[in-house]
Amino acid sequence: MYRIAQDIEKCYFNYRKNFISGTMLFITFEGLDFSGKTTQLQLLAQRLEGEGISYLIVREPGGTKIGEKIRAILLDADNRELTVASELFLFEASRSQLVEEVIKPALDRGTVVLCDRYFDSTTAYQGYGRGLSLELIKAINRFATAGLEPHITFFIDIPVEELENRIQRTHSIRDRMELNEREFYDRVRKGYLELAYSEKRFRVLNGVLSINELHSRIWDEVCHFISVNISKTSAVKKL
Ligand SMILES: Nc1ncnc2c1ncn2[C@@H]1O[C@H](COP(=O)(O)OP(=O)(O)O)[C@@H](O)[C@H]1O
Ligand SMILES: [Mg+2]
């Protein structure tokens with residue numbers, strides 16, 4: 001266990017070093033289902049494209065050959081017998097594949113990585129939502145990602161009533177993860193807010209603002225972050 005911890009620390013240190021030398025930007029989007037994560041991620045991607053900045057979009061669970069198979073198990077509404085522990089390990093297995101196969105290589109190439117959900121989702125849903133030990137989840141999250149943390153995490157916050165309105169408005173068929181009670185979503189939302197107050201990388205956005213307003217706040221944050229933290233990259237010269 002000690003050896004694993006040492007490896008994780010070493011890897012984490014290397015990533016911080018690379019980041020400080022100006023080659024990395026890893027952004028994650030978090031929030032309840034239907035909060036607008038995918039909408040905002042796509043708008044940010046279009047903006048980066050317009051600025052000539054290379055980016056990569058990934059989503060959780062999934063994003064790799066193995067991860068997509070795991071995603072199908074996790075989201076299949078027929079899989080009601082899935083245990084809470086299985087759910088946790090399947091999410092983490094998908095995440096580990098994604099980090100090793102896709103996210104790390106992309107960051108190493110200097111590509112901005114935009115991720116639709118990452119380990120904060122596990123803390124919020126399996127920890128606060130399902131009641132698993134937060135300490136256990138923190139350790140497994142860190143192990144599955146080799147300590148790779150996002151530089152910015154946008155939490156798009158909507159009240160649970162807004163989630164219900166949007167489900168009705170869009171007549172969506174709900175997948176297994178979306179078939180949860182209102183109390184569950186209340187706990188998940190509270191969890192996200194607690195995380196947001198304890199982690200500096202979080203930016204909390206009011207998800208009931210218009211799509212354009214949210215995008216412009218996200219873009220301002222990204223520009224500010226780049227200009228403060230990665231002022232030596234070519235990306236900045238273009239902004
Ligand atoms: N700021 C917003 N105001 C109103 N509706 C929104 C907003 N952002 C997204 N939506 C709508 O809510 C639904 C869910 O958005 P989506 O981006 O798919 O959410 P998520 O990826 O978080 O599940 C879509 O129909 C989308 O058009
Ligand atoms: Mg989505």
# chains A, B, ... in the order shown; residues from 1 in each chain; ligands from 1
call {"tool": "closest_atom_pairs", "arguments": {"of": "chain A", "to": "ligand 1", "cutoff": "9 Å", "atoms": "only C-alpha atoms and all ligand atoms", "output": "JSON lines"}}
result
{"residue": "A:Phe29", "atom": "CA", "partner": "ligand 1", "partner_atom_place_in_ligand_line": "22 (O)", "distance": 8.4}
{"residue": "A:Glu30", "atom": "CA", "partner": "ligand 1", "partner_atom_place_in_ligand_line": "22 (O)", "distance": 7.6}
{"residue": "A:Gly31", "atom": "CA", "partner": "ligand 1", "partner_atom_place_in_ligand_line": "22 (O)", "distance": 6.3}
{"residue": "A:Leu32", "atom": "CA", "partner": "ligand 1", "partner_atom_place_in_ligand_line": "22 (O)", "distance": 6.2}
{"residue": "A:Asp33", "atom": "CA", "partner": "ligand 1", "partner_atom_place_in_ligand_line": "23 (O)", "distance": 4.1}
{"residue": "A:Phe34", "atom": "CA", "partner": "ligand 1", "partner_atom_place_in_ligand_line": "23 (O)", "distance": 3.4}
{"residue": "A:Ser35", "atom": "CA", "partner": "ligand 1", "partner_atom_place_in_ligand_line": "22 (O)", "distance": 3.9}
{"residue": "A:Gly36", "atom": "CA", "partner": "ligand 1", "partner_atom_place_in_ligand_line": "17 (O)", "distance": 3.3}
{"residue": "A:Lys37", "atom": "CA", "partner": "ligand 1", "partner_atom_place_in_ligand_line": "22 (O)", "distance": 3.7}
{"residue": "A:Thr38", "atom": "CA", "partner": "ligand 1", "partner_atom_place_in_ligand_line": "21 (O)", "distance": 3.7}
{"residue": "A:Thr39", "atom": "CA", "partner": "ligand 1", "partner_atom_place_in_ligand_line": "17 (O)", "distance": 3.6}
{"residue": "A:Gln40", "atom": "CA", "partner": "ligand 1", "partner_atom_place_in_ligand_line": "17 (O)", "distance": 6.5}
{"residue": "A:Leu41", "atom": "CA", "partner": "ligand 1", "partner_atom_place_in_ligand_line": "17 (O)", "distance": 8.0}
{"residue": "A:Gln42", "atom": "CA", "partner": "ligand 1", "partner_atom_place_in_ligand_line": "17 (O)", "distance": 8.6}
{"residue": "A:Asp116", "atom": "CA", "partner": "ligand 1", "partner_atom_place_in_ligand_line": "21 (O)", "distance": 7.5}
{"residue": "A:Ile156", "atom": "CA", "partner": "ligand 1", "partner_atom_place_in_ligand_line": "22 (O)", "distance": 7.9}
{"residue": "A:Glu162", "atom": "CA", "partner": "ligand 1", "partner_atom_place_in_ligand_line": "4 (C)", "distance": 8.9}
{"residue": "A:Leu163", "atom": "CA", "partner": "ligand 1", "partner_atom_place_in_ligand_line": "12 (O)", "distance": 8.2}
{"residue": "A:Arg166", "atom": "CA", "partner": "ligand 1", "partner_atom_place_in_ligand_line": "12 (O)", "distance": 5.7}
{"residue": "A:Ile167", "atom": "CA", "partner": "ligand 1", "partner_atom_place_in_ligand_line": "13 (C)", "distance": 7.5}
{"residue": "A:Arg169", "atom": "CA", "partner": "ligand 1", "partner_atom_place_in_ligand_line": "25 (O)", "distance": 7.6}
{"residue": "A:Thr170", "atom": "CA", "partner": "ligand 1", "partner_atom_place_in_ligand_line": "25 (O)", "distance": 5.7}
{"residue": "A:Ser172", "atom": "CA", "partner": "ligand 1", "partner_atom_place_in_ligand_line": "25 (O)", "distance": 8.9}
{"residue": "A:Asn206", "atom": "CA", "partner": "ligand 1", "partner_atom_place_in_ligand_line": "1 (N)", "distance": 8.5}
{"residue": "A:Gly207", "atom": "CA", "partner": "ligand 1", "partner_atom_place_in_ligand_line": "1 (N)", "distance": 5.5}
{"residue": "A:Val208", "atom": "CA", "partner": "ligand 1", "partner_atom_place_in_ligand_line": "1 (N)", "distance": 5.2}
{"residue": "A:Leu209", "atom": "CA", "partner": "ligand 1", "partner_atom_place_in_ligand_line": "1 (N)", "distance": 5.1}
{"residue": "A:Ser210", "atom": "CA", "partner": "ligand 1", "partner_atom_place_in_ligand_line": "1 (N)", "distance": 4.3}
{"residue": "A:Ile211", "atom": "CA", "partner": "ligand 1", "partner_atom_place_in_ligand_line": "1 (N)", "distance": 3.9}
{"residue": "A:Asn212", "atom": "CA", "partner": "ligand 1", "partner_atom_place_in_ligand_line": "1 (N)", "distance": 7.5}
{"residue": "A:Glu213", "atom": "CA", "partner": "ligand 1", "partner_atom_place_in_ligand_line": "1 (N)", "distance": 7.9}
{"residue": "A:Leu214", "atom": "CA", "partner": "ligand 1", "partner_atom_place_in_ligand_line": "1 (N)", "distance": 6.6}
{"residue": "A:His215", "atom": "CA", "partner": "ligand 1", "partner_atom_place_in_ligand_line": "1 (N)", "distance": 8.9}
call {"tool": "write_last_selection", "arguments": {"atoms": "C-alpha atoms", "output": "PDB file, in the first residue's frame"}}
result
ATOM      1  CA  PHE A  29     -17.998  19.772 -15.770  1.00  0.00           C
ATOM      2  CA  GLU A  30     -20.112  18.599 -12.867  1.00  0.00           C
ATOM      3  CA  GLY A  31     -23.721  18.859 -11.799  1.00  0.00           C
ATOM      4  CA  LEU A  32     -27.012  17.018 -11.567  1.00  0.00           C
ATOM      5  CA  ASP A  33     -28.396  15.330 -14.660  1.00  0.00           C
ATOM      6  CA  PHE A  34     -29.950  17.895 -17.032  1.00  0.00           C
ATOM      7  CA  SER A  35     -28.045  20.766 -15.406  1.00  0.00           C
ATOM      8  CA  GLY A  36     -26.512  21.757 -18.746  1.00  0.00           C
ATOM      9  CA  LYS A  37     -23.045  20.185 -18.562  1.00  0.00           C
ATOM     10  CA  THR A  38     -22.962  18.831 -22.095  1.00  0.00           C
ATOM     11  CA  THR A  39     -24.449  22.030 -23.515  1.00  0.00           C
ATOM     12  CA  GLN A  40     -21.741  24.161 -21.881  1.00  0.00           C
ATOM     13  CA  LEU A  41     -18.939  21.760 -22.677  1.00  0.00           C
ATOM     14  CA  GLN A  42     -19.863  21.855 -26.362  1.00  0.00           C
ATOM     15  CA  ASP A 116     -18.100  15.597 -18.899  1.00  0.00           C
ATOM     16  CA  ILE A 156     -23.485  23.901 -12.768  1.00  0.00           C
ATOM     17  CA  GLU A 162     -35.492  22.495 -12.256  1.00  0.00           C
ATOM     18  CA  LEU A 163     -34.147  19.018 -13.037  1.00  0.00           C
ATOM     19  CA  ARG A 166     -36.283  19.789 -17.721  1.00  0.00           C
ATOM     20  CA  ILE A 167     -37.004  16.047 -17.740  1.00  0.00           C
ATOM     21  CA  ARG A 169     -39.897  19.459 -21.006  1.00  0.00           C
ATOM     22  CA  THR A 170     -37.580  17.191 -22.982  1.00  0.00           C
ATOM     23  CA  SER A 172     -36.529  12.149 -21.796  1.00  0.00           C
ATOM     24  CA  ASN A 206     -26.115  29.242 -11.273  1.00  0.00           C
ATOM     25  CA  GLY A 207     -27.531  26.755 -13.788  1.00  0.00           C
ATOM     26  CA  VAL A 208     -30.860  28.524 -14.227  1.00  0.00           C
ATOM     27  CA  LEU A 209     -29.159  31.440 -15.971  1.00  0.00           C
ATOM     28  CA  SER A 210     -29.478  31.462 -19.747  1.00  0.00           C
ATOM     29  CA  ILE A 211     -27.255  29.183 -21.818  1.00  0.00           C
ATOM     30  CA  ASN A 212     -25.437  32.199 -23.283  1.00  0.00           C
ATOM     31  CA  GLU A 213     -24.879  33.865 -19.927  1.00  0.00           C
ATOM     32  CA  LEU A 214     -23.447  30.656 -18.506  1.00  0.00           C
ATOM     33  CA  HIS A 215     -21.170  30.239 -21.486  1.00  0.00           C
TER      34      HIS A 215
END
call {"tool": "closest_atom_pairs", "arguments": {"of": "stretch 101-145 of chain A", "to": "stretch 55-65 of chain A", "cutoff": "7 Å", "atoms": "only C-alpha atoms", "output": "CSV"}}
result
residue,atom,partner,partner_atom,distance
A:Thr111,CA,A:Tyr55,CA,5.0
A:Val112,CA,A:Tyr55,CA,4.4
A:Val113,CA,A:Leu56,CA,4.9
A:Leu114,CA,A:Ile57,CA,4.9
A:Cys115,CA,A:Val58,CA,4.8
A:Asp116,CA,A:Arg59,CA,4.5
A:Arg117,CA,A:Glu60,CA,5.5
A:Tyr118,CA,A:Glu60,CA,6.3
call {"tool": "write_last_selection", "arguments": {"atoms": "C-alpha atoms", "output": "PDB file, in the first residue's frame"}}
result
ATOM      1  CA  THR A 111      -4.224  19.460 -25.638  1.00  0.00           C
ATOM      2  CA  VAL A 112      -6.884  21.067 -23.454  1.00  0.00           C
ATOM      3  CA  VAL A 113      -9.052  18.259 -22.055  1.00  0.00           C
ATOM      4  CA  LEU A 114     -12.760  18.859 -21.374  1.00  0.00           C
ATOM      5  CA  CYS A 115     -14.344  16.103 -19.339  1.00  0.00           C
ATOM      6  CA  ASP A 116     -18.100  15.597 -18.899  1.00  0.00           C
ATOM      7  CA  ARG A 117     -18.098  14.338 -15.270  1.00  0.00           C
ATOM      8  CA  TYR A 118     -15.022  13.092 -13.386  1.00  0.00           C
TER       9      TYR A 118
END
call {"tool": "residues_around", "arguments": {"residues": "A:Leu132", "least_positions_apart": "2", "cutoff": "12 Å", "atoms": "only C-alpha atoms", "output": "PyMOL selection string"}}
result
chain A and resi 83-85+87-88+122-130+134-138+140
call {"tool": "select_by_dssp", "arguments": {"residues": "stretch 5-176 of chain A", "states": "alpha helix (DSSP H)", "output": "VMD selection string"}}
result
chain A and resid 5 to 20 37 to 50 65 to 75 84 to 98 104 to 108 119 to 122 134 to 145 160 to 170
call {"tool": "atom_distance", "arguments": {"atom1": "atom CA of A:Lys200", "atom2": "atom CA of A:Val222"}}
result
14.5 Å
call {"tool": "select_by_dssp", "arguments": {"residues": "stretch 16-237 of chain A", "states": "strand (DSSP E or B)", "output": "PDB file with C-alpha atoms, in the first residue's frame"}}
result
ATOM      1  CA  PHE A  26      -7.772  19.901 -17.660  1.00  0.00           C
ATOM      2  CA  ILE A  27     -11.360  21.146 -17.189  1.00  0.00           C
ATOM      3  CA  THR A  28     -14.248  19.125 -15.796  1.00  0.00           C
ATOM      4  CA  PHE A  29     -17.998  19.772 -15.770  1.00  0.00           C
ATOM      5  CA  GLU A  30     -20.112  18.599 -12.867  1.00  0.00           C
ATOM      6  CA  TYR A  55      -8.907  20.360 -27.274  1.00  0.00           C
ATOM      7  CA  LEU A  56     -10.352  16.955 -26.583  1.00  0.00           C
ATOM      8  CA  ILE A  57     -13.806  16.092 -25.241  1.00  0.00           C
ATOM      9  CA  VAL A  58     -14.214  13.030 -23.067  1.00  0.00           C
ATOM     10  CA  ARG A  59     -17.121  11.756 -21.054  1.00  0.00           C
ATOM     11  CA  VAL A 112      -6.884  21.067 -23.454  1.00  0.00           C
ATOM     12  CA  VAL A 113      -9.052  18.259 -22.055  1.00  0.00           C
ATOM     13  CA  LEU A 114     -12.760  18.859 -21.374  1.00  0.00           C
ATOM     14  CA  CYS A 115     -14.344  16.103 -19.339  1.00  0.00           C
ATOM     15  CA  ASP A 116     -18.100  15.597 -18.899  1.00  0.00           C
ATOM     16  CA  ILE A 152     -10.874  23.891 -13.112  1.00  0.00           C
ATOM     17  CA  THR A 153     -14.150  22.196 -12.220  1.00  0.00           C
ATOM     18  CA  PHE A 154     -17.349  23.955 -13.264  1.00  0.00           C
ATOM     19  CA  PHE A 155     -20.238  22.926 -11.050  1.00  0.00           C
ATOM     20  CA  ILE A 156     -23.485  23.901 -12.768  1.00  0.00           C
ATOM     21  CA  ASP A 157     -25.959  24.136  -9.923  1.00  0.00           C
ATOM     22  CA  PHE A 202     -14.371  24.616  -8.201  1.00  0.00           C
ATOM     23  CA  ARG A 203     -16.370  27.391  -9.872  1.00  0.00           C
ATOM     24  CA  VAL A 204     -20.044  27.315  -8.915  1.00  0.00           C
ATOM     25  CA  LEU A 205     -22.419  28.533 -11.619  1.00  0.00           C
ATOM     26  CA  ASN A 206     -26.115  29.242 -11.273  1.00  0.00           C
TER      27      ASN A 206
END
call {"tool": "atom_distance", "arguments": {"atom1": "atom CA of A:Ala93", "atom2": "atom CA of A:Asp78"}}
result
20.7 Å
call {"tool": "closest_residue", "arguments": {"among": "A:Ile218, A:Ala146, A:Ile158, A:Val102", "to": "A:Tyr192", "atoms": "only C-alpha atoms"}}
result
A:Ile158
call {"tool": "residues_around", "arguments": {"residues": "A:Glu101", "least_positions_apart": "2", "cutoff": "12 Å", "atoms": "only C-alpha atoms", "output": "list of chain:residue names"}}
result
A:Val58, A:Gly62, A:Gly63, A:Thr64, A:Lys65, A:Ile66, A:Gly67, A:Ser94, A:Arg95, A:Ser96, A:Gln97, A:Leu98, A:Val99, A:Ile103, A:Lys104, A:Pro105, A:Ala106, A:Leu107, A:Asp108, A:Thr145
call {"tool": "write_last_selection", "arguments": {"atoms": "C-alpha atoms", "output": "JSON list (two decimals), in the first residue's frame"}}
result
[["chain", "number", "residue", "atom", "x", "y", "z"],
["A", 58, "VAL", "CA", -14.21, 13.03, -23.07],
["A", 62, "GLY", "CA", -16.92, 5.76, -21.13],
["A", 63, "GLY", "CA", -14.50, 7.34, -23.58],
["A", 64, "THR", "CA", -12.48, 4.16, -24.24],
["A", 65, "LYS", "CA", -13.36, 0.77, -25.74],
["A", 66, "ILE", "CA", -13.53, -0.86, -22.30],
["A", 67, "GLY", "CA", -15.10, 2.23, -20.73],
["A", 94, "SER", "CA", -13.93, 3.16, -16.55],
["A", 95, "ARG", "CA", -12.17, 6.21, -15.10],
["A", 96, "SER", "CA", -8.83, 4.46, -14.79],
["A", 97, "GLN", "CA", -8.97, 3.42, -18.47],
["A", 98, "LEU", "CA", -9.88, 6.94, -19.50],
["A", 99, "VAL", "CA", -7.08, 8.59, -17.53],
["A", 103, "ILE", "CA", -6.51, 12.04, -20.70],
["A", 104, "LYS", "CA", -2.86, 11.77, -19.71],
["A", 105, "PRO", "CA", -1.56, 11.35, -23.29],
["A", 106, "ALA", "CA", -3.68, 14.31, -24.44],
["A", 107, "LEU", "CA", -2.45, 16.57, -21.63],
["A", 108, "ASP", "CA", 1.12, 15.51, -22.40],
["A", 145, "THR", "CA", -6.73, 8.56, -11.47]]
call {"tool": "closest_residue", "arguments": {"among": "A:Glu194, A:Val188, A:Phe89, A:Arg182", "to": "A:Phe143", "atoms": "only C-alpha atoms"}}
result
A:Phe89
call {"tool": "closest_residue", "arguments": {"among": "A:Arg217, A:Ile53, A:Phe91, A:Leu82", "to": "A:Ile70", "atoms": "only C-alpha atoms"}}
result
A:Phe91
